[in-house]
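What follows is the content of query-v2.cif, which has mmCIF, C-alpha atoms and all ligand atoms:
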```
data_protein
loop_
_atom_site.label_atom_id
_atom_site.label_comp_id
_atom_site.auth_asym_id
_atom_site.auth_seq_id
_atom_site.Cartn_x
_atom_site.Cartn_y
_atom_site.Cartn_z
CA MET A 9 -69.23 60.27 258.21
CA LEU A 10 -71.81 63.00 258.64
CA TYR A 11 -74.56 62.18 261.06
CA TYR A 12 -77.74 61.06 259.39
CA GLU A 13 -80.20 58.27 259.99
CA PRO A 14 -83.26 57.50 257.90
CA PHE A 15 -86.32 59.15 259.40
CA THR A 16 -88.15 55.87 259.75
CA VAL A 17 -85.89 54.75 262.58
CA ARG A 18 -84.86 57.99 264.15
CA LYS A 19 -86.47 59.44 267.28
CA LEU A 20 -86.61 62.99 268.49
CA SER A 21 -85.26 62.40 271.98
CA ILE A 22 -81.55 62.88 271.28
CA MET A 23 -80.93 65.18 274.21
CA THR A 24 -78.40 65.31 277.00
CA LYS A 25 -81.04 65.84 279.66
CA PRO A 26 -84.25 63.78 279.57
CA VAL A 27 -87.25 65.95 278.94
CA LYS A 28 -90.89 65.00 279.06
CA THR A 29 -92.04 65.61 275.49
CA ALA A 30 -95.64 65.58 274.33
CA ALA A 31 -96.83 62.10 273.44
CA ARG A 32 -98.04 63.44 270.10
CA LEU A 33 -94.40 63.76 269.02
CA GLN A 34 -93.63 60.11 269.62
CA ASP A 35 -93.79 59.01 265.98
CA VAL A 36 -92.85 62.32 264.43
CA SER A 37 -89.50 62.39 262.66
CA PRO A 38 -87.23 65.40 262.43
CA SER A 39 -87.23 66.88 258.95
CA GLY A 40 -84.34 65.39 257.01
CA LEU A 41 -84.89 68.02 254.34
CA ARG A 42 -84.02 70.77 256.78
CA GLU A 43 -81.15 68.71 258.07
CA PHE A 44 -79.48 68.47 254.66
CA PHE A 45 -80.03 72.20 254.23
CA GLU A 46 -78.25 72.88 257.55
CA ILE A 47 -75.38 70.50 256.74
CA GLY A 48 -74.93 72.17 253.35
CA ALA A 49 -74.86 75.62 254.94
CA LYS A 50 -72.24 74.42 257.43
CA LEU A 51 -70.01 72.95 254.69
CA GLU A 52 -70.37 76.18 252.71
CA SER A 53 -69.28 78.24 255.72
CA GLN A 54 -66.18 76.01 255.84
CA GLY A 55 -65.32 77.05 252.28
CA MET A 56 -66.79 74.13 250.30
CA ASP A 57 -68.41 74.96 246.93
CA VAL A 58 -71.79 73.44 247.71
CA ILE A 59 -74.35 72.83 244.94
CA SER A 60 -77.84 72.61 246.37
CA LEU A 61 -80.09 70.21 244.54
CA GLY A 62 -81.74 69.68 247.89
CA ILE A 63 -84.25 72.15 249.19
CA GLY A 64 -87.50 72.87 247.34
CA ASP A 65 -86.75 76.57 246.98
CA LEU A 66 -86.24 78.83 244.00
CA ASP A 67 -83.21 81.05 243.51
CA LEU A 68 -85.20 83.41 241.27
CA PRO A 69 -85.50 87.04 242.36
CA LEU A 70 -88.81 88.40 243.59
CA PRO A 71 -90.75 89.51 240.47
CA PRO A 72 -90.35 93.32 240.14
CA PHE A 73 -94.11 94.01 239.96
CA LEU A 74 -94.67 92.11 243.20
CA SER A 75 -91.59 93.57 244.84
CA ASP A 76 -92.76 97.12 244.01
CA ALA A 77 -96.25 96.37 245.32
CA ILE A 78 -94.83 95.05 248.60
CA ALA A 79 -92.47 98.04 248.90
CA GLU A 80 -95.42 100.36 248.39
CA ALA A 81 -97.32 98.61 251.17
CA PHE A 82 -94.34 99.13 253.49
CA ALA A 83 -94.08 102.78 252.47
CA LYS A 84 -97.77 103.29 253.22
CA GLY A 85 -97.34 101.79 256.67
CA GLN A 86 -99.43 98.70 255.93
CA THR A 87 -97.32 96.78 258.40
CA HIS A 88 -99.82 96.06 261.16
CA TYR A 89 -102.11 93.13 261.95
CA SER A 90 -104.59 92.50 259.20
CA SER A 91 -107.90 90.78 259.63
CA ASN A 92 -107.11 87.39 261.15
CA ALA A 93 -108.44 85.53 258.12
CA GLY A 94 -106.55 87.73 255.66
CA ILE A 95 -107.40 91.00 253.95
CA ILE A 96 -110.75 90.79 252.26
CA GLU A 97 -109.34 92.02 248.93
CA LEU A 98 -106.95 89.06 248.76
CA ARG A 99 -109.62 86.56 249.76
CA GLN A 100 -111.90 87.99 247.09
CA ALA A 101 -109.11 87.91 244.46
CA ILE A 102 -108.42 84.25 245.28
CA ALA A 103 -112.12 83.35 245.15
CA ASP A 104 -112.43 85.17 241.79
CA ARG A 105 -109.51 83.21 240.37
CA TYR A 106 -111.24 79.89 241.14
CA VAL A 107 -114.39 81.05 239.34
CA ASP A 108 -112.38 82.27 236.35
CA THR A 109 -110.10 79.25 236.09
CA TYR A 110 -112.19 76.32 237.28
CA LYS A 111 -115.76 77.66 237.39
CA ILE A 112 -115.97 76.85 241.09
CA GLU A 113 -117.91 79.36 243.16
CA TYR A 114 -116.45 80.28 246.54
CA ASN A 115 -117.26 83.30 248.63
CA PRO A 116 -114.37 85.10 250.37
CA GLN A 117 -115.46 83.63 253.73
CA GLU A 118 -114.49 80.25 252.31
CA VAL A 119 -110.92 81.46 251.75
CA LEU A 120 -108.44 81.66 254.64
CA VAL A 121 -105.06 83.32 254.17
CA THR A 122 -102.27 81.50 256.01
CA CYS A 123 -98.55 81.84 256.73
CA GLY A 124 -97.64 79.55 253.84
CA ALA A 125 -99.25 76.25 252.93
CA LEU A 126 -97.53 74.60 255.87
CA GLU A 127 -99.62 76.57 258.34
CA GLY A 128 -102.74 75.71 256.37
CA LEU A 129 -101.91 72.01 256.38
CA LEU A 130 -101.23 71.90 260.12
CA ASP A 131 -104.33 73.98 260.96
CA THR A 132 -106.40 71.50 258.96
CA MET A 133 -104.94 68.48 260.73
CA LEU A 134 -105.40 70.02 264.19
CA ALA A 135 -108.95 71.05 263.39
CA LEU A 136 -110.23 67.83 261.84
CA VAL A 137 -108.22 64.89 263.18
CA ASN A 138 -108.75 63.15 266.49
CA PRO A 139 -106.17 60.78 267.98
CA GLY A 140 -106.51 57.43 266.25
CA ASP A 141 -108.24 58.80 263.15
CA ARG A 142 -106.85 57.46 259.91
CA VAL A 143 -105.26 59.76 257.34
CA LEU A 144 -104.26 58.45 253.91
CA VAL A 145 -101.15 59.87 252.28
CA GLN A 146 -99.80 58.95 248.85
CA ASP A 147 -96.38 57.33 248.74
CA PRO A 148 -94.12 59.03 247.80
CA ALA A 149 -95.22 62.42 249.12
CA PHE A 150 -93.97 65.60 250.73
CA GLY A 151 -92.95 64.42 254.23
CA TYR A 152 -94.84 67.15 256.07
CA PHE A 153 -98.18 65.50 255.26
CA SER A 154 -97.53 62.39 257.36
CA ASN A 155 -95.70 64.14 260.16
CA GLN A 156 -98.25 66.91 260.56
CA ALA A 157 -101.04 64.31 260.59
CA LYS A 158 -99.13 62.43 263.31
CA ILE A 159 -98.80 65.61 265.40
CA ALA A 160 -102.60 65.68 265.35
CA GLY A 161 -102.60 62.06 266.56
CA ALA A 162 -103.50 60.38 263.26
CA ASP A 163 -102.68 56.86 262.21
CA VAL A 164 -101.15 57.45 258.82
CA GLU A 165 -101.63 54.92 256.06
CA LEU A 166 -99.51 55.21 252.94
CA ILE A 167 -101.11 54.56 249.55
CA PRO A 168 -98.75 53.57 246.75
CA MET A 169 -98.86 55.48 243.49
CA THR A 170 -99.00 53.91 240.03
CA PRO A 171 -95.66 53.23 238.26
CA ASP A 172 -96.00 56.55 236.42
CA PHE A 173 -96.74 58.34 239.68
CA ASP A 174 -100.47 58.89 239.18
CA LEU A 175 -103.08 58.29 241.91
CA ASP A 176 -103.76 54.56 242.14
CA VAL A 177 -107.55 54.53 242.23
CA ASP A 178 -107.80 50.78 242.94
CA ALA A 179 -105.52 51.13 245.95
CA TYR A 180 -107.63 54.04 247.26
CA ARG A 181 -110.84 52.11 246.63
CA LYS A 182 -109.63 49.04 248.50
CA THR A 183 -108.44 51.04 251.50
CA ILE A 184 -111.34 53.47 251.70
CA GLU A 185 -114.01 50.79 251.25
CA ALA A 186 -112.45 48.58 253.91
CA ASN A 187 -112.30 51.34 256.51
CA PRO A 188 -113.17 54.91 255.54
CA PRO A 189 -110.49 57.34 256.75
CA GLN A 190 -111.08 60.78 258.22
CA ILE A 191 -108.89 62.50 255.62
CA VAL A 192 -107.38 61.57 252.25
CA ILE A 193 -104.44 63.80 251.30
CA ILE A 194 -103.48 64.08 247.65
CA ASN A 195 -100.88 66.28 245.98
CA SER A 196 -100.73 67.14 242.29
CA PRO A 197 -98.46 68.33 240.77
CA CYS A 198 -96.50 66.09 243.06
CA ASN A 199 -93.45 66.70 245.20
CA PRO A 200 -91.15 64.68 244.87
CA THR A 201 -92.05 63.06 241.53
CA GLY A 202 -92.89 66.02 239.29
CA SER A 203 -95.95 64.13 238.06
CA VAL A 204 -99.44 65.47 237.38
CA ALA A 205 -102.39 63.29 238.39
CA SER A 206 -104.80 62.48 235.58
CA ARG A 207 -108.16 64.23 235.64
CA LYS A 208 -109.97 60.90 235.66
CA ASN A 209 -108.10 59.63 238.71
CA VAL A 210 -108.49 62.86 240.69
CA LYS A 211 -112.23 62.70 239.97
CA GLU A 212 -112.49 59.08 241.06
CA VAL A 213 -110.58 59.59 244.31
CA VAL A 214 -112.64 62.72 245.14
CA GLU A 215 -115.83 60.75 244.49
CA LEU A 216 -114.67 57.78 246.55
CA ALA A 217 -113.88 60.06 249.49
CA ARG A 218 -117.29 61.67 249.17
CA GLU A 219 -119.10 58.34 248.97
CA TYR A 220 -117.50 57.19 252.22
CA ASP A 221 -117.77 60.54 254.05
CA SER A 222 -114.06 61.17 254.12
CA ILE A 223 -112.58 64.65 253.73
CA LEU A 224 -110.30 65.10 250.75
CA LEU A 225 -107.40 67.50 251.22
CA SER A 226 -105.72 68.47 247.98
CA ASP A 227 -102.34 70.24 248.14
CA GLU A 228 -102.06 72.18 244.88
CA CYS A 229 -98.99 74.30 245.63
CA TYR A 230 -97.35 73.53 242.27
CA GLU A 231 -100.53 74.32 240.31
CA PHE A 232 -98.80 76.74 237.94
CA LEU A 233 -95.51 74.95 237.39
CA ARG A 234 -96.40 72.53 234.60
CA TYR A 235 -94.79 71.95 231.20
CA ASP A 236 -95.48 70.40 227.80
CA GLY A 237 -99.15 71.44 227.98
CA HIS A 238 -100.00 69.31 231.03
CA LYS A 239 -103.20 70.55 232.62
CA HIS A 240 -103.99 70.97 236.30
CA THR A 241 -107.13 69.49 237.77
CA CYS A 242 -108.49 71.23 240.85
CA ALA A 243 -109.99 68.57 243.13
CA ALA A 244 -112.93 70.82 244.01
CA GLU A 245 -114.13 70.73 240.39
CA PHE A 246 -115.86 67.44 241.17
CA ASN A 247 -117.34 68.23 244.55
CA ARG A 248 -116.68 71.19 246.75
CA ASP A 249 -118.52 69.85 249.84
CA ASN A 250 -115.87 67.43 251.10
CA VAL A 251 -112.81 69.03 249.51
CA ILE A 252 -110.22 71.32 251.10
CA ILE A 253 -107.71 72.98 248.79
CA VAL A 254 -104.37 74.05 250.25
CA ASN A 255 -102.34 76.36 248.06
CA SER A 256 -99.43 78.76 248.29
CA PHE A 257 -97.70 81.71 246.68
CA SER A 258 -94.29 80.33 247.66
CA LYS A 259 -93.43 78.51 244.45
CA THR A 260 -95.62 80.46 242.01
CA PHE A 261 -94.09 83.83 242.90
CA ALA A 262 -90.67 82.50 244.05
CA MET A 263 -91.24 83.92 247.53
CA THR A 264 -90.84 80.98 249.89
CA GLY A 265 -89.47 83.18 252.68
CA LEU A 266 -92.39 85.61 252.61
CA ARG A 267 -94.85 83.02 253.95
CA LEU A 268 -98.14 83.37 252.16
CA GLY A 269 -100.56 80.58 251.42
CA TYR A 270 -104.26 79.88 251.63
CA ILE A 271 -106.97 77.33 252.27
CA ILE A 272 -110.23 77.09 250.39
CA ALA A 273 -112.98 75.04 251.96
CA PRO A 274 -116.76 75.03 252.34
CA THR A 275 -118.03 76.78 255.46
CA HIS A 276 -118.64 73.66 257.57
CA LEU A 277 -114.99 72.63 257.13
CA MET A 278 -113.56 76.15 257.21
CA ARG A 279 -115.14 76.98 260.58
CA PRO A 280 -113.01 74.56 262.67
CA ILE A 281 -109.91 75.27 260.57
CA TYR A 282 -110.33 78.99 261.17
CA GLN A 283 -110.69 78.33 264.89
CA VAL A 284 -107.21 76.76 264.95
CA HIS A 285 -105.77 79.48 262.70
CA GLN A 286 -107.08 82.17 265.09
CA TYR A 287 -105.10 80.80 267.98
CA ASN A 288 -102.11 79.82 265.86
CA THR A 289 -101.25 83.16 264.31
CA ALA A 290 -102.46 86.75 264.19
CA CYS A 291 -102.37 86.96 260.41
CA ALA A 292 -100.11 86.32 257.42
CA PRO A 293 -97.65 89.21 256.86
CA THR A 294 -99.77 92.21 255.86
CA PRO A 295 -97.51 93.88 253.23
CA ILE A 296 -97.09 90.54 251.49
CA GLN A 297 -100.86 90.07 251.38
CA VAL A 298 -101.20 93.53 249.85
CA GLY A 299 -98.51 92.81 247.23
CA ALA A 300 -100.03 89.45 246.30
CA THR A 301 -103.49 91.03 245.94
CA LYS A 302 -102.20 93.68 243.59
CA THR A 303 -100.44 91.03 241.50
CA LEU A 304 -103.45 88.69 241.33
CA ASN A 305 -105.62 91.63 240.30
CA ASN A 306 -103.29 92.52 237.44
CA PRO A 307 -103.72 89.71 234.89
CA LYS A 308 -100.83 90.92 232.73
CA ALA A 309 -98.36 90.98 235.63
CA PHE A 310 -99.67 87.67 237.00
CA LYS A 311 -99.44 85.86 233.66
CA GLY A 312 -96.04 87.39 232.97
CA ILE A 313 -94.61 86.09 236.27
CA ILE A 314 -95.96 82.58 235.74
CA GLY A 315 -94.77 82.50 232.13
CA HIS A 316 -91.28 83.59 233.11
CA HIS A 317 -90.95 81.14 236.01
CA ARG A 318 -92.27 78.31 233.87
CA ALA A 319 -89.79 79.03 231.08
CA VAL A 320 -86.80 79.19 233.45
CA LEU A 321 -87.78 75.99 235.28
CA ASP A 322 -88.68 74.11 232.11
CA ASP A 323 -85.22 74.85 230.75
CA ARG A 324 -83.63 73.54 233.95
CA ARG A 325 -85.86 70.46 233.88
CA LYS A 326 -84.71 69.62 230.36
CA VAL A 327 -81.04 70.13 231.21
CA ALA A 328 -81.46 68.01 234.34
CA ILE A 329 -83.12 65.13 232.48
CA GLU A 330 -80.39 65.25 229.84
CA CYS A 331 -77.61 65.21 232.49
CA ILE A 332 -79.08 62.92 235.14
CA LYS A 333 -80.67 60.22 233.01
CA PRO A 334 -77.42 58.77 231.58
CA LEU A 335 -75.56 58.70 234.93
CA LYS A 336 -74.19 55.24 235.65
CA GLY A 337 -76.33 53.40 238.19
CA PHE A 338 -79.20 55.89 237.87
CA LYS A 339 -82.66 54.91 236.65
CA LEU A 340 -84.95 57.78 235.82
CA THR A 341 -88.04 55.71 235.12
CA TYR A 342 -90.27 58.78 235.07
CA GLU A 343 -89.41 62.10 233.44
CA PRO A 344 -91.08 64.94 235.36
CA VAL A 345 -93.67 67.15 233.66
CA ALA A 346 -94.23 69.60 236.54
CA GLY A 347 -92.59 71.21 239.55
CA PHE A 348 -88.81 71.28 239.70
CA TYR A 349 -87.87 67.84 240.95
CA LEU A 350 -86.50 64.57 239.55
CA PHE A 351 -86.83 61.34 241.52
CA PRO A 352 -84.33 58.80 240.14
CA ASN A 353 -83.54 55.39 241.58
CA VAL A 354 -79.86 54.92 242.49
CA GLU A 355 -79.92 51.28 243.57
CA GLN A 356 -77.52 50.23 240.81
CA THR A 357 -74.82 52.42 242.35
CA GLY A 358 -74.77 49.92 245.22
CA MET A 359 -76.04 52.51 247.69
CA THR A 360 -79.38 53.18 249.31
CA GLY A 361 -80.87 56.65 248.93
CA PRO A 362 -79.59 57.87 252.34
CA GLU A 363 -76.14 56.33 251.78
CA PHE A 364 -75.91 57.93 248.38
CA ALA A 365 -77.08 61.37 249.58
CA ILE A 366 -74.82 61.57 252.59
CA THR A 367 -71.68 60.23 250.87
CA LEU A 368 -72.24 62.45 247.86
CA LEU A 369 -72.57 65.53 250.05
CA GLU A 370 -69.52 64.67 252.07
CA GLU A 371 -67.29 63.93 249.06
CA THR A 372 -68.54 66.37 246.42
CA GLY A 373 -70.59 69.11 248.10
CA VAL A 374 -73.69 68.23 246.05
CA ILE A 375 -76.89 68.14 248.12
CA VAL A 376 -79.73 65.81 247.16
CA VAL A 377 -82.47 64.44 249.42
CA PRO A 378 -82.85 60.70 250.10
CA GLY A 379 -86.08 59.01 249.06
CA ASP A 380 -86.87 57.86 252.58
CA GLN A 381 -87.92 61.43 253.37
CA PHE A 382 -90.99 60.91 251.21
CA GLY A 383 -92.42 57.64 252.52
CA ILE A 384 -91.39 54.01 252.63
CA ALA A 385 -91.71 52.82 249.04
CA PHE A 386 -88.60 54.46 247.59
CA PRO A 387 -85.64 53.98 249.96
CA ASN A 388 -83.30 53.67 246.98
CA ASN A 389 -84.36 56.87 245.27
CA ILE A 390 -83.13 60.43 245.67
CA ARG A 391 -84.90 63.70 245.03
CA ILE A 392 -83.06 66.22 242.91
CA SER A 393 -84.36 69.81 242.98
CA VAL A 394 -83.36 72.22 240.24
CA GLY A 395 -85.26 75.13 241.80
CA SER A 396 -82.06 76.73 243.02
CA ALA A 397 -79.63 75.47 240.38
CA PRO A 398 -79.22 77.17 237.00
CA PRO A 399 -78.18 74.98 234.04
CA ASN A 400 -74.42 75.46 234.53
CA ARG A 401 -74.70 74.29 238.17
CA ILE A 402 -76.83 71.30 237.15
CA ARG A 403 -74.12 70.33 234.64
CA GLU A 404 -71.39 70.85 237.23
CA ALA A 405 -73.32 68.69 239.73
CA ALA A 406 -73.75 65.91 237.14
CA SER A 407 -70.03 66.04 236.39
CA ARG A 408 -69.18 65.77 240.12
CA ILE A 409 -71.58 62.82 240.46
CA THR A 410 -69.93 61.11 237.48
CA THR A 411 -66.47 61.49 239.05
CA PHE A 412 -67.83 60.36 242.42
CA LEU A 413 -69.30 57.19 240.86
CA GLU A 414 -66.16 56.48 238.83
CA LYS A 415 -63.98 56.73 241.94
CA ARG A 416 -66.24 54.32 243.79
CA SER A 417 -66.27 51.76 240.99
CA GLU A 418 -62.45 51.93 240.80
CA GLY A 419 -62.01 51.73 244.58
C1 LIG B 1 -96.34 69.80 248.32
C2 LIG B 1 -95.92 70.97 249.15
N1 LIG B 1 -96.82 71.56 249.95
C3 LIG B 1 -96.48 72.61 250.71
C4 LIG B 1 -95.19 73.12 250.71
C5 LIG B 1 -94.86 74.28 251.58
O1 LIG B 1 -95.35 75.48 251.03
P1 LIG B 1 -95.24 76.85 251.80
O2 LIG B 1 -93.89 77.43 251.54
O3 LIG B 1 -96.33 77.68 251.22
O4 LIG B 1 -95.46 76.60 253.25
C6 LIG B 1 -94.22 72.52 249.91
C7 LIG B 1 -92.83 72.99 249.94
O5 LIG B 1 -91.90 72.38 249.46
C8 LIG B 1 -94.60 71.41 249.11
O6 LIG B 1 -93.71 70.79 248.33
#
```

Once you've parsed the file, please lay out its structure as structure tokens.
Ligand SMILES: Cc1ncc(COP(=O)(O)O)c(C=O)c1O
Amino acid sequence: MLYYEPFTVRKLSIMTKPVKTAARLQDVSPSGLREFFEIGAKLESQGMDVISLGIGDLDLPLPPFLSDAIAEAFAKGQTHYSSNAGIIELRQAIADRYVDTYKIEYNPQEVLVTCGALEGLLDTMLALVNPGDRVLVQDPAFGYFSNQAKIAGADVELIPMTPDFDLDVDAYRKTIEANPPQIVIINSPCNPTGSVASRKNVKEVVELAREYDSILLSDECYEFLRYDGHKHTCAAEFNRDNVIIVNSFSKTFAMTGLRLGYIIAPTHLMRPIYQVHQYNTACAPTPIQVGATKTLNNPKAFKGIIGHHRAVLDDRRKVAIECIKPLKGFKLTYEPVAGFYLFPNVEQTGMTGPEFAITLLEETGVIVVPGDQFGIAFPNNIRISVGSAPPNRIREAASRITTFLEKRSEG
């Protein structure tokens, strides 16, 4: 059996020699997502035909317009430190996009360019959370939210979502009214559910946070990956004063390894975040900033990239729903309308999410991620990512899962 324990029970201190670790790591779990990625890579190096429905990455090539723009930046020698907060042209282009799309006015000083959204999220936690402060995180959610908040010393409280994976306003109201938290983190479109929060509910949660002087952090990294006409609501549309937007180019431009993201926040919140960023990193990679700026400033190229990525991922989503939904023991109660994930329940297979994921990987070479990586409410779910699996690989994975389940029911 491969080594894996659910992150809720596992501790970091598995070392041969005792080492005095920082107390802030006490409740922080190792990332199971990365772990499955490493196990898959190991099995692949041993000759196994591994199908990754695990990591939230895209196998799509870098869009040619962007790739050319980055290459040009390299050729021109734009490979040195940039301004710590990001090149002004990129910050301006980002600010302009929020005016154009959402009619929200930001000046470039309210935009901070980061090494991916992950840096932005951690900077925010370190800047605004004191030990013992409460941070609310939706359940299920991207596991980094809770763990990064814990690194900053937060007490994390999980807020269940509605059955169709929208924000549960009543649950937020009850919790916030009883004891206002320092930060409320929301994420729409949502990883791992592929759901889009309704405009009404985003508005109500933003307003609740404002009423009780909490900061609302909205992770909008999947903003552009929506299907069937589903619209994105930017949390700052309802109040920019207590809202921090964290966003990224990783998924939009299929460039997860190039590490470019950004934070948008009003000056009083940006100031402390910038202070952490300054001492965290010199700047996001300069040629990538230059390439992204050129792409944002070329509406035809920008729209073309989004349209293409949407079409490819929508096709995969449809194939995945068609293949995964009928699998014996699977319950896909919610069909995703955004992102590139499915979040089925596998309880009827007789296995928990972690049992299913680890046995499946071991016996078939198909990687999925157990639901316990995303909170506590869905231990019998798994997350399936089709970001790196074209339709033929999704079909092949479904066929391997079918055989795997048949063998188990016979045995
Ligand atoms: C909700 C969410 N936020 C942030 C990230 C990380 O983005 P980045 O690559 O920009 O650090 C991910 C990656 O999977 C994600 O799902």

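The contact shell of ligand LIG 1 (chain B), defined as all polymer residues within 6 Å when all atoms listed in the file are used, comprises Gly64, Gly124, Ala125, Leu126, Phe150, Asn199, Asp227, Cys229, Ser256, Ser258, Thr264 and Gly269 of chain A.
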
Next on the checklist: Need to verify the contact set: region 94-103 of chain A, 7 Å, all atoms listed in the file, exclusion of same-chain residues closer than 5 positions in sequence. Can you return it as a count of residues only?
Outcome noted: 12

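Note that the spacing between CA of His240 (chain A) and CA of Glu212 (chain A) amounts to 15.4 Å.
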
Checklist entry - What's the 7 Å shell around region 187-193 of chain A, counting only C-alpha atoms, without same-chain residues fewer than 6 positions away, as a PyMOL selection string? => result chain A and resi 141-145+220+222-226

Residues within 6 Å of Pro378 (chain A), please, as a PDB file with C-alpha atoms, keeping the file's coordinate frame. Count all atoms listed in the file; anything in the same chain fewer than 5 positions from it doesn't count.
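Final output, saved to part-v5.pdb:
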```
ATOM      1  CA  GLY A 361     -80.870  56.650 248.930  1.00  0.00           C
ATOM      2  CA  PRO A 362     -79.590  57.870 252.340  1.00  0.00           C
ATOM      3  CA  ALA A 365     -77.080  61.370 249.580  1.00  0.00           C
ATOM      4  CA  ILE A 390     -83.130  60.430 245.670  1.00  0.00           C
TER       5      ILE A 390
END
```

Checklist entry - What is the CA of Asn138 (chain A) to CA of Tyr152 (chain A) distance in Å? => result 17.8 Å

Checklist entry - In terms of the shortest atom-to-atom distance over only C-alpha atoms, which of A:Leu175, A:Leu233, A:Leu136, A:Ala262 is closest to Ala319 (chain A)? => result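 The answer is A:Leu233, which sits nearest to Ala319 (chain A).
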